[in-house]
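**Q** This is coords-v9.pdb (PDB, C-alpha atoms, pLDDT in the B column).
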```
ATOM      1  CA  MET A   1     -34.134 -52.410 -23.172  1.00 58.00           C
ATOM      2  CA  ASP A   2     -33.051 -51.774 -19.580  1.00 76.00           C
ATOM      3  CA  GLU A   3     -35.989 -53.345 -17.836  1.00 91.00           C
ATOM      4  CA  GLU A   4     -38.481 -55.953 -18.954  1.00 92.00           C
ATOM      5  CA  LYS A   5     -42.107 -56.354 -17.920  1.00 94.00           C
ATOM      6  CA  ARG A   6     -44.193 -59.466 -18.405  1.00 95.00           C
ATOM      7  CA  ILE A   7     -47.749 -59.174 -19.632  1.00 95.00           C
ATOM      8  CA  THR A   8     -50.519 -61.546 -20.565  1.00 97.00           C
ATOM      9  CA  LEU A   9     -51.785 -60.775 -24.046  1.00 96.00           C
ATOM     10  CA  ARG A  10     -55.008 -62.087 -25.528  1.00 97.00           C
ATOM     11  CA  LEU A  11     -55.079 -62.217 -29.323  1.00 97.00           C
ATOM     12  CA  PRO A  12     -57.644 -63.449 -31.812  1.00 98.00           C
ATOM     13  CA  ALA A  13     -56.532 -66.856 -33.124  1.00 98.00           C
ATOM     14  CA  ASP A  14     -56.118 -65.612 -36.694  1.00 98.00           C
ATOM     15  CA  LEU A  15     -53.895 -62.718 -35.604  1.00 98.00           C
ATOM     16  CA  HIS A  16     -51.792 -65.086 -33.489  1.00 98.00           C
ATOM     17  CA  GLU A  17     -51.355 -67.444 -36.449  1.00 98.00           C
ATOM     18  CA  TRP A  18     -50.355 -64.538 -38.685  1.00 98.00           C
ATOM     19  CA  LEU A  19     -47.815 -63.265 -36.157  1.00 98.00           C
ATOM     20  CA  VAL A  20     -46.346 -66.757 -35.762  1.00 98.00           C
ATOM     21  CA  ALA A  21     -45.957 -66.997 -39.547  1.00 98.00           C
ATOM     22  CA  GLN A  22     -44.339 -63.558 -39.710  1.00 98.00           C
ATOM     23  CA  ALA A  23     -41.949 -64.471 -36.898  1.00 98.00           C
ATOM     24  CA  LYS A  24     -40.931 -67.662 -38.677  1.00 98.00           C
ATOM     25  CA  SER A  25     -40.321 -65.816 -41.938  1.00 98.00           C
ATOM     26  CA  THR A  26     -38.049 -63.296 -40.188  1.00 97.00           C
ATOM     27  CA  ARG A  27     -36.446 -65.948 -37.975  1.00 98.00           C
ATOM     28  CA  ARG A  28     -37.575 -64.231 -34.788  1.00 98.00           C
ATOM     29  CA  SER A  29     -39.377 -65.593 -31.772  1.00 98.00           C
ATOM     30  CA  LEU A  30     -43.015 -64.628 -31.449  1.00 97.00           C
ATOM     31  CA  ASN A  31     -42.107 -62.326 -28.568  1.00 97.00           C
ATOM     32  CA  SER A  32     -39.340 -60.663 -30.582  1.00 97.00           C
ATOM     33  CA  GLU A  33     -41.680 -60.199 -33.534  1.00 98.00           C
ATOM     34  CA  ILE A  34     -44.299 -58.488 -31.391  1.00 98.00           C
ATOM     35  CA  VAL A  35     -41.690 -56.244 -29.748  1.00 97.00           C
ATOM     36  CA  TYR A  36     -40.169 -55.382 -33.140  1.00 98.00           C
ATOM     37  CA  ARG A  37     -43.537 -54.425 -34.615  1.00 98.00           C
ATOM     38  CA  LEU A  38     -44.464 -52.323 -31.595  1.00 97.00           C
ATOM     39  CA  GLU A  39     -41.113 -50.513 -31.737  1.00 97.00           C
ATOM     40  CA  VAL A  40     -41.572 -49.782 -35.459  1.00 97.00           C
ATOM     41  CA  GLU A  41     -45.041 -48.372 -34.825  1.00 96.00           C
ATOM     42  CA  ARG A  42     -43.799 -46.283 -31.900  1.00 95.00           C
ATOM     43  CA  ALA A  43     -41.004 -44.832 -34.039  1.00 95.00           C
ATOM     44  CA  ALA A  44     -43.494 -44.007 -36.802  1.00 95.00           C
ATOM     45  CA  ALA A  45     -45.819 -42.349 -34.286  1.00 93.00           C
ATOM     46  CA  ASP A  46     -42.913 -40.279 -32.915  1.00 90.00           C
ATOM     47  CA  VAL A  47     -42.078 -39.047 -36.428  1.00 91.00           C
ATOM     48  CA  GLU A  48     -45.717 -38.135 -37.111  1.00 83.00           C
ATOM     49  CA  SER A  49     -46.181 -36.270 -33.816  1.00 75.00           C
ATOM     50  CA  PRO A  50     -45.824 -32.488 -33.998  1.00 71.00           C
TER      51      PRO A  50
END
```
Just give me the structure as structure tokens.
**A**
Amino acid sequence: MDEEKRITLRLPADLHEWLVAQAKSTRRSLNSEIVYRLEVERAAADVESP
């Protein structure tokens, strides 16, 4: 990642709690967990695109 951008993200409380639990189980920060999941989805979308 060459450049970083800050954003404010609003999440439903239950989704936030789930993400926090997932981050703990993978020993990542909440931010790192969100970035990881977005990168995985982007890679999957790139593979599916014609």
**Q** When you draw a straight line from atom CA of A:Leu19 to atom CA of A:Val47, how long is it in Å?
**A**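 According to the coordinates, atom CA of A:Leu19 and atom CA of A:Val47 are separated by 24.9 Å.
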**Q** For atom CA of A:Leu15 and atom CA of A:Arg27, determine how far apart the two atoms are, in Å to one decimal place.
**A**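 Straight-line distance from atom CA of A:Leu15 to atom CA of A:Arg27 works out to 17.9 Å.
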**Q** If you take every atom of stretch 35-50 of chain A that the file lists and fit an axis-aligned box around them with 3 Å extra on each side, what centre and edge lengths come out in Å to one decimal, as lines of an AutoDock Vina configuration file?
**A**
```
center_x = -43.2
center_y = -44.4
center_z = -33.4
size_x = 12.0
size_y = 29.8
size_z = 13.4
```
**Q** Calculate how many Å separate atom CA of A:Trp18 from atom CA of A:Glu4, rounding to one decimal.
**A**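 Here the two named atoms are 24.6 Å from each other.
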**Q** Give the answer as one residue: which of A:Ala23, A:Ala43, A:Ser49, A:Asn31 has the shortest atom-to-atom distance to A:Thr8, using all atoms listed in the file?
**A**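 Comparing A:Ala23, A:Ala43, A:Ser49, A:Asn31 against A:Thr8, the winner is A:Asn31.
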**Q** Smallest atom-to-atom distance to A:Ala21: which of A:Ile34, A:Ala45, A:Ile7, A:Val40, using only C-alpha atoms?
**A**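 Using only C-alpha atoms, the shortest distance to A:Ala21 belongs to A:Ile34.
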**Q** Kindly complete stretch 38-49 of chain A to all heavy atoms; the output should be written as a PDB file, keeping the file's coordinate frame.
**A**
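Saved file out_24.pdb follows:
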```
ATOM      1  N   LEU A  38     -44.064 -53.427 -32.470  1.00 97.00           N
ATOM      2  CA  LEU A  38     -44.464 -52.323 -31.595  1.00 97.00           C
ATOM      3  C   LEU A  38     -43.435 -51.193 -31.636  1.00 97.00           C
ATOM      4  O   LEU A  38     -43.813 -50.010 -31.665  1.00 97.00           O
ATOM      5  CB  LEU A  38     -44.656 -52.817 -30.171  1.00 97.00           C
ATOM      6  CG  LEU A  38     -45.889 -53.678 -29.937  1.00 97.00           C
ATOM      7  CD1 LEU A  38     -45.849 -54.293 -28.543  1.00 97.00           C
ATOM      8  CD2 LEU A  38     -47.170 -52.879 -30.127  1.00 97.00           C
ATOM      9  N   GLU A  39     -42.152 -51.538 -31.653  1.00 97.00           N
ATOM     10  CA  GLU A  39     -41.113 -50.513 -31.737  1.00 97.00           C
ATOM     11  C   GLU A  39     -41.177 -49.750 -33.048  1.00 97.00           C
ATOM     12  O   GLU A  39     -40.994 -48.522 -33.073  1.00 97.00           O
ATOM     13  CB  GLU A  39     -39.735 -51.135 -31.543  1.00 97.00           C
ATOM     14  CG  GLU A  39     -39.483 -51.566 -30.115  1.00 97.00           C
ATOM     15  CD  GLU A  39     -38.165 -52.301 -29.926  1.00 97.00           C
ATOM     16  OE1 GLU A  39     -37.624 -52.849 -30.906  1.00 97.00           O
ATOM     17  OE2 GLU A  39     -37.697 -52.340 -28.773  1.00 97.00           O
ATOM     18  N   VAL A  40     -41.443 -50.436 -34.155  1.00 97.00           N
ATOM     19  CA  VAL A  40     -41.572 -49.782 -35.459  1.00 97.00           C
ATOM     20  C   VAL A  40     -42.750 -48.812 -35.433  1.00 97.00           C
ATOM     21  O   VAL A  40     -42.636 -47.666 -35.896  1.00 97.00           O
ATOM     22  CB  VAL A  40     -41.739 -50.823 -36.591  1.00 97.00           C
ATOM     23  CG1 VAL A  40     -42.187 -50.174 -37.883  1.00 97.00           C
ATOM     24  CG2 VAL A  40     -40.433 -51.586 -36.797  1.00 97.00           C
ATOM     25  N   GLU A  41     -43.865 -49.241 -34.900  1.00 96.00           N
ATOM     26  CA  GLU A  41     -45.041 -48.372 -34.825  1.00 96.00           C
ATOM     27  C   GLU A  41     -44.799 -47.178 -33.913  1.00 96.00           C
ATOM     28  O   GLU A  41     -45.232 -46.065 -34.202  1.00 96.00           O
ATOM     29  CB  GLU A  41     -46.265 -49.157 -34.349  1.00 96.00           C
ATOM     30  CG  GLU A  41     -46.806 -50.095 -35.402  1.00 96.00           C
ATOM     31  CD  GLU A  41     -47.243 -49.364 -36.671  1.00 96.00           C
ATOM     32  OE1 GLU A  41     -47.923 -48.316 -36.569  1.00 96.00           O
ATOM     33  OE2 GLU A  41     -46.899 -49.833 -37.758  1.00 96.00           O
ATOM     34  N   ARG A  42     -44.103 -47.391 -32.803  1.00 95.00           N
ATOM     35  CA  ARG A  42     -43.799 -46.283 -31.900  1.00 95.00           C
ATOM     36  C   ARG A  42     -42.902 -45.262 -32.591  1.00 95.00           C
ATOM     37  O   ARG A  42     -43.116 -44.051 -32.486  1.00 95.00           O
ATOM     38  CB  ARG A  42     -43.132 -46.794 -30.626  1.00 95.00           C
ATOM     39  CG  ARG A  42     -42.813 -45.662 -29.650  1.00 95.00           C
ATOM     40  CD  ARG A  42     -42.246 -46.148 -28.357  1.00 95.00           C
ATOM     41  NE  ARG A  42     -40.952 -46.802 -28.578  1.00 95.00           N
ATOM     42  CZ  ARG A  42     -40.200 -47.278 -27.597  1.00 95.00           C
ATOM     43  NH1 ARG A  42     -40.613 -47.224 -26.355  1.00 95.00           N
ATOM     44  NH2 ARG A  42     -39.038 -47.846 -27.872  1.00 95.00           N
ATOM     45  N   ALA A  43     -41.903 -45.741 -33.324  1.00 95.00           N
ATOM     46  CA  ALA A  43     -41.004 -44.832 -34.039  1.00 95.00           C
ATOM     47  C   ALA A  43     -41.773 -44.037 -35.094  1.00 95.00           C
ATOM     48  O   ALA A  43     -41.550 -42.834 -35.253  1.00 95.00           O
ATOM     49  CB  ALA A  43     -39.861 -45.608 -34.684  1.00 95.00           C
ATOM     50  N   ALA A  44     -42.680 -44.696 -35.783  1.00 95.00           N
ATOM     51  CA  ALA A  44     -43.494 -44.007 -36.802  1.00 95.00           C
ATOM     52  C   ALA A  44     -44.387 -42.962 -36.146  1.00 95.00           C
ATOM     53  O   ALA A  44     -44.558 -41.863 -36.675  1.00 95.00           O
ATOM     54  CB  ALA A  44     -44.319 -45.015 -37.588  1.00 95.00           C
ATOM     55  N   ALA A  45     -44.946 -43.296 -34.998  1.00 93.00           N
ATOM     56  CA  ALA A  45     -45.819 -42.349 -34.286  1.00 93.00           C
ATOM     57  C   ALA A  45     -45.015 -41.145 -33.802  1.00 93.00           C
ATOM     58  O   ALA A  45     -45.496 -40.014 -33.832  1.00 93.00           O
ATOM     59  CB  ALA A  45     -46.514 -43.037 -33.126  1.00 93.00           C
ATOM     60  N   ASP A  46     -43.770 -41.379 -33.373  1.00 90.00           N
ATOM     61  CA  ASP A  46     -42.913 -40.279 -32.915  1.00 90.00           C
ATOM     62  C   ASP A  46     -42.590 -39.333 -34.065  1.00 90.00           C
ATOM     63  O   ASP A  46     -42.526 -38.127 -33.876  1.00 90.00           O
ATOM     64  CB  ASP A  46     -41.610 -40.817 -32.306  1.00 90.00           C
ATOM     65  CG  ASP A  46     -41.829 -41.470 -30.950  1.00 90.00           C
ATOM     66  OD1 ASP A  46     -42.912 -41.298 -30.356  1.00 90.00           O
ATOM     67  OD2 ASP A  46     -40.902 -42.179 -30.493  1.00 90.00           O
ATOM     68  N   VAL A  47     -42.383 -39.873 -35.258  1.00 91.00           N
ATOM     69  CA  VAL A  47     -42.078 -39.047 -36.428  1.00 91.00           C
ATOM     70  C   VAL A  47     -43.308 -38.230 -36.828  1.00 91.00           C
ATOM     71  O   VAL A  47     -43.190 -37.061 -37.195  1.00 91.00           O
ATOM     72  CB  VAL A  47     -41.613 -39.942 -37.610  1.00 91.00           C
ATOM     73  CG1 VAL A  47     -41.567 -39.159 -38.904  1.00 91.00           C
ATOM     74  CG2 VAL A  47     -40.269 -40.551 -37.300  1.00 91.00           C
ATOM     75  N   GLU A  48     -44.485 -38.809 -36.720  1.00 83.00           N
ATOM     76  CA  GLU A  48     -45.717 -38.135 -37.111  1.00 83.00           C
ATOM     77  C   GLU A  48     -46.181 -37.094 -36.098  1.00 83.00           C
ATOM     78  O   GLU A  48     -46.917 -36.190 -36.446  1.00 83.00           O
ATOM     79  CB  GLU A  48     -46.833 -39.161 -37.316  1.00 83.00           C
ATOM     80  CG  GLU A  48     -46.583 -40.091 -38.494  1.00 83.00           C
ATOM     81  CD  GLU A  48     -47.599 -41.214 -38.587  1.00 83.00           C
ATOM     82  OE1 GLU A  48     -48.534 -41.247 -37.770  1.00 83.00           O
ATOM     83  OE2 GLU A  48     -47.439 -42.055 -39.477  1.00 83.00           O
ATOM     84  N   SER A  49     -45.743 -37.209 -34.862  1.00 75.00           N
ATOM     85  CA  SER A  49     -46.181 -36.270 -33.816  1.00 75.00           C
ATOM     86  C   SER A  49     -45.555 -34.908 -34.028  1.00 75.00           C
ATOM     87  O   SER A  49     -44.362 -34.806 -34.327  1.00 75.00           O
ATOM     88  CB  SER A  49     -45.788 -36.796 -32.437  1.00 75.00           C
ATOM     89  OG  SER A  49     -46.444 -38.006 -32.157  1.00 75.00           O
TER      90      SER A  49
END
```
